[in-house]
Amino acid sequence: MTNRFASDLLSIQAVFLRPDEPFTWASGIKSPIYTDNRLILSAPDVRNRVEQGLADLVQTAFPDVEMLMGTATAGIAHAALVAERLALPMGYVRGSSKDHGRQNRIEGKMAPGTKVVVIEDLVSTGKSVLGTVDALREAGGTVLGVISIFTYGMQKSKAAFGAAGVPLKSLVSFDEVLEAAAADGAIQPEDIDRLLRFRDDPSDESWIQKGE
């Protein structure tokens, strides 16, 4: 059975596969997939399922959670919607401290020792969200883990989360998107193996050559 959330993201093109016309990331890496989970907010039915899925995942994976923190900027809305469902306080972490006022990086009141779960929309290498985790830890928060809507499942990110001692749970993985896309006819079943090569090493562009 394909992941329902994977099918939802594909249906609204929050996840878009184009293996024969790769996208180019800011880093210059060629990618068969483009992800924009902000589109979830514009699709009420999908949004409702995703936010409930995130809420269920928070409760199952981290039942001791006391507060949700969103990543700036894409995780903020999802953290707020999930916090509303779970009747939890929430805040968010800026990419850097403000240069005015109280110069906060963490927005929202978080007492030292508060058990926090970070809500992220997308995990690739993990560098950005683990920076958020570091900021929360420096402020005295106890980070139970990170929950994302989508993860590429790259080995680099798995190693980074392991080294940081941070569990990562996601609604949808790259592998599940490929399965759902093949089931829907968006890609061919034989494309899956070559696209998994991209997941394993995005800098290796051999996946672009179909059949090689």
# chains A, B, ... in the order shown; residues from 1 in each chain; ligands from 1

$ select_by_dssp --residues "range 21-172 of chain A" --states "alpha helix (DSSP H)" --output "ChimeraX atom specification"
/A:44-61,74-86,127-138,155-164

$ residues_around --residues "Pro202 in chain A" --least-positions-apart "2" --cutoff "8 Å" --atoms "only C-alpha atoms" --output "list in words"
Ile29, Lys30, Ser31, Arg197, Phe198, Arg199, Asp200, Asp204 and Glu205 of chain A

$ closest_residue --among "A:Ser128, A:Thr142, A:Asn37, A:Thr24" --to "Ile12 in chain A" --atoms "only C-alpha atoms"
A:Asn37

$ closest_residue --among "A:Pro32, A:Gly131, A:Pro167, A:Gly162" --to "Gly145 in chain A" --atoms "only C-alpha atoms"
A:Pro167

$ closest_residue --among "A:Ser42, A:Thr132, A:Thr114, A:Ser124" --to "Ala77 in chain A" --atoms "only C-alpha atoms"
A:Ser42

$ atom_distance --atom1 "CA of Ile76 in chain A" --atom2 "CA of Thr35 in chain A"
16.9 Å

$ atom_distance --atom1 "CA of Phe5 in chain A" --atom2 "CA of Phe23 in chain A"
22.6 Å

$ closest_residue --among "A:Val117, A:Met154, A:Met69, A:Leu171" --to "Arg49 in chain A" --atoms "only C-alpha atoms"
A:Leu171

$ closest_residue --among "A:Ala43, A:Ile147, A:Ile33, A:Met67" --to "Ser11 in chain A" --atoms "only C-alpha atoms"
A:Ala43

$ select_by_dssp --residues "chain A" --states "strand (DSSP E)" --output "number ranges by chain"
A: 15-17, 23-24, 30-31, 33-35, 67-71, 90-93, 106-107, 115-123, 142-151, 168-173

$ atom_distance --atom1 "CA of Arg4 in chain A" --atom2 "CA of Gly53 in chain A"
10.3 Å

$ residues_around --residues "Asp134 in chain A" --least-positions-apart "6" --cutoff "12 Å" --atoms "only C-alpha atoms" --output "PyMOL selection string"
chain A and resi 93+95+105-106+118+127-128+140-143+145+161+164-166

$ decode --residues "range 1-17 of chain A" --atoms "all heavy atoms" --output "mmCIF file, in the first residue's frame"
data_model
loop_
_atom_site.group_PDB
_atom_site.id
_atom_site.type_symbol
_atom_site.label_atom_id
_atom_site.label_comp_id
_atom_site.auth_asym_id
_atom_site.auth_seq_id
_atom_site.Cartn_x
_atom_site.Cartn_y
_atom_site.Cartn_z
ATOM 1 N N MET A 1 0.857 -1.198 0.000
ATOM 2 C CA MET A 1 0.000 0.000 0.000
ATOM 3 C C MET A 1 0.886 1.239 0.000
ATOM 4 O O MET A 1 1.768 1.382 0.831
ATOM 5 C CB MET A 1 -0.894 0.006 1.243
ATOM 6 C CG MET A 1 -1.835 1.196 1.323
ATOM 7 S SD MET A 1 -2.909 1.101 2.771
ATOM 8 C CE MET A 1 -3.811 2.637 2.597
ATOM 9 N N THR A 2 0.679 2.133 -0.953
ATOM 10 C CA THR A 2 1.486 3.335 -1.020
ATOM 11 C C THR A 2 1.109 4.294 0.109
ATOM 12 O O THR A 2 -0.019 4.308 0.586
ATOM 13 C CB THR A 2 1.308 4.050 -2.373
ATOM 14 O OG1 THR A 2 -0.076 4.352 -2.568
ATOM 15 C CG2 THR A 2 1.811 3.178 -3.508
ATOM 16 N N ASN A 3 2.074 5.086 0.503
ATOM 17 C CA ASN A 3 1.869 6.072 1.549
ATOM 18 C C ASN A 3 0.856 7.117 1.077
ATOM 19 O O ASN A 3 1.036 7.760 0.056
ATOM 20 C CB ASN A 3 3.225 6.731 1.860
ATOM 21 C CG ASN A 3 3.169 7.717 2.997
ATOM 22 O OD1 ASN A 3 2.384 8.653 2.990
ATOM 23 N ND2 ASN A 3 4.038 7.512 3.974
ATOM 24 N N ARG A 4 -0.229 7.294 1.855
ATOM 25 C CA ARG A 4 -1.292 8.231 1.478
ATOM 26 C C ARG A 4 -0.741 9.654 1.370
ATOM 27 O O ARG A 4 -1.124 10.428 0.486
ATOM 28 C CB ARG A 4 -2.428 8.182 2.503
ATOM 29 C CG ARG A 4 -3.517 9.261 2.299
ATOM 30 C CD ARG A 4 -4.177 9.112 0.938
ATOM 31 N NE ARG A 4 -5.066 10.197 0.628
ATOM 32 C CZ ARG A 4 -6.373 10.233 0.939
ATOM 33 N NH1 ARG A 4 -6.909 9.231 1.616
ATOM 34 N NH2 ARG A 4 -7.139 11.238 0.597
ATOM 35 N N PHE A 5 0.148 10.001 2.271
ATOM 36 C CA PHE A 5 0.698 11.350 2.254
ATOM 37 C C PHE A 5 1.558 11.577 1.011
ATOM 38 O O PHE A 5 1.579 12.674 0.456
ATOM 39 C CB PHE A 5 1.505 11.618 3.520
ATOM 40 C CG PHE A 5 0.679 11.493 4.781
ATOM 41 C CD1 PHE A 5 0.919 10.474 5.687
ATOM 42 C CD2 PHE A 5 -0.341 12.385 5.045
ATOM 43 C CE1 PHE A 5 0.158 10.355 6.827
ATOM 44 C CE2 PHE A 5 -1.114 12.279 6.191
ATOM 45 C CZ PHE A 5 -0.860 11.255 7.092
ATOM 46 N N ALA A 6 2.259 10.550 0.562
ATOM 47 C CA ALA A 6 3.050 10.667 -0.663
ATOM 48 C C ALA A 6 2.140 10.967 -1.847
ATOM 49 O O ALA A 6 2.428 11.846 -2.673
ATOM 50 C CB ALA A 6 3.841 9.385 -0.904
ATOM 51 N N SER A 7 1.030 10.246 -1.927
ATOM 52 C CA SER A 7 0.073 10.488 -3.010
ATOM 53 C C SER A 7 -0.526 11.886 -2.922
ATOM 54 O O SER A 7 -0.732 12.557 -3.945
ATOM 55 C CB SER A 7 -1.046 9.435 -2.963
ATOM 56 O OG SER A 7 -0.533 8.143 -3.180
ATOM 57 N N ASP A 8 -0.801 12.340 -1.694
ATOM 58 C CA ASP A 8 -1.343 13.686 -1.507
ATOM 59 C C ASP A 8 -0.365 14.751 -2.006
ATOM 60 O O ASP A 8 -0.753 15.683 -2.723
ATOM 61 C CB ASP A 8 -1.633 13.933 -0.020
ATOM 62 C CG ASP A 8 -2.996 13.412 0.416
ATOM 63 O OD1 ASP A 8 -3.850 13.163 -0.458
ATOM 64 O OD2 ASP A 8 -3.210 13.272 1.630
ATOM 65 N N LEU A 9 0.898 14.626 -1.624
ATOM 66 C CA LEU A 9 1.887 15.632 -2.023
ATOM 67 C C LEU A 9 2.086 15.643 -3.530
ATOM 68 O O LEU A 9 2.246 16.709 -4.139
ATOM 69 C CB LEU A 9 3.213 15.379 -1.310
ATOM 70 C CG LEU A 9 3.211 15.481 0.213
ATOM 71 C CD1 LEU A 9 4.629 15.413 0.756
ATOM 72 C CD2 LEU A 9 2.519 16.737 0.711
ATOM 73 N N LEU A 10 2.065 14.473 -4.139
ATOM 74 C CA LEU A 10 2.176 14.404 -5.591
ATOM 75 C C LEU A 10 0.958 15.022 -6.269
ATOM 76 O O LEU A 10 1.078 15.695 -7.300
ATOM 77 C CB LEU A 10 2.335 12.956 -6.034
ATOM 78 C CG LEU A 10 3.708 12.318 -5.784
ATOM 79 C CD1 LEU A 10 3.618 10.799 -5.882
ATOM 80 C CD2 LEU A 10 4.747 12.855 -6.762
ATOM 81 N N SER A 11 -0.224 14.819 -5.696
ATOM 82 C CA SER A 11 -1.456 15.287 -6.325
ATOM 83 C C SER A 11 -1.536 16.807 -6.405
ATOM 84 O O SER A 11 -2.135 17.360 -7.332
ATOM 85 C CB SER A 11 -2.683 14.738 -5.587
ATOM 86 O OG SER A 11 -2.861 15.380 -4.331
ATOM 87 N N ILE A 12 -0.934 17.504 -5.435
ATOM 88 C CA ILE A 12 -0.970 18.966 -5.452
ATOM 89 C C ILE A 12 0.365 19.554 -5.924
ATOM 90 O O ILE A 12 0.568 20.764 -5.884
ATOM 91 C CB ILE A 12 -1.332 19.538 -4.068
ATOM 92 C CG1 ILE A 12 -0.283 19.154 -3.020
ATOM 93 C CG2 ILE A 12 -2.725 19.090 -3.645
ATOM 94 C CD1 ILE A 12 -0.450 19.872 -1.684
ATOM 95 N N GLN A 13 1.257 18.682 -6.369
ATOM 96 C CA GLN A 13 2.585 19.048 -6.870
ATOM 97 C C GLN A 13 3.438 19.765 -5.821
ATOM 98 O O GLN A 13 4.309 20.575 -6.152
ATOM 99 C CB GLN A 13 2.489 19.876 -8.149
ATOM 100 C CG GLN A 13 1.892 19.089 -9.310
ATOM 101 C CD GLN A 13 1.985 19.804 -10.645
ATOM 102 O OE1 GLN A 13 2.070 21.027 -10.717
ATOM 103 N NE2 GLN A 13 1.986 19.035 -11.716
ATOM 104 N N ALA A 14 3.175 19.463 -4.544
ATOM 105 C CA ALA A 14 4.097 19.887 -3.490
ATOM 106 C C ALA A 14 5.398 19.116 -3.659
ATOM 107 O O ALA A 14 6.474 19.602 -3.302
ATOM 108 C CB ALA A 14 3.488 19.631 -2.112
ATOM 109 N N VAL A 15 5.277 17.911 -4.189
ATOM 110 C CA VAL A 15 6.429 17.132 -4.623
ATOM 111 C C VAL A 15 6.245 16.869 -6.113
ATOM 112 O O VAL A 15 5.199 16.386 -6.530
ATOM 113 C CB VAL A 15 6.535 15.800 -3.851
ATOM 114 C CG1 VAL A 15 7.668 14.954 -4.411
ATOM 115 C CG2 VAL A 15 6.760 16.061 -2.367
ATOM 116 N N PHE A 16 7.252 17.234 -6.882
ATOM 117 C CA PHE A 16 7.131 17.139 -8.340
ATOM 118 C C PHE A 16 8.350 16.415 -8.888
ATOM 119 O O PHE A 16 9.491 16.844 -8.663
ATOM 120 C CB PHE A 16 7.034 18.548 -8.942
ATOM 121 C CG PHE A 16 6.713 18.572 -10.399
ATOM 122 C CD1 PHE A 16 5.410 18.442 -10.840
ATOM 123 C CD2 PHE A 16 7.714 18.733 -11.336
ATOM 124 C CE1 PHE A 16 5.105 18.477 -12.195
ATOM 125 C CE2 PHE A 16 7.434 18.768 -12.696
ATOM 126 C CZ PHE A 16 6.120 18.632 -13.126
ATOM 127 N N LEU A 17 8.128 15.309 -9.588
ATOM 128 C CA LEU A 17 9.223 14.516 -10.152
ATOM 129 C C LEU A 17 9.379 14.810 -11.641
ATOM 130 O O LEU A 17 8.404 14.800 -12.394
ATOM 131 C CB LEU A 17 8.956 13.028 -9.946
ATOM 132 C CG LEU A 17 9.167 12.493 -8.531
ATOM 133 C CD1 LEU A 17 8.482 11.153 -8.353
ATOM 134 C CD2 LEU A 17 10.655 12.368 -8.212
#
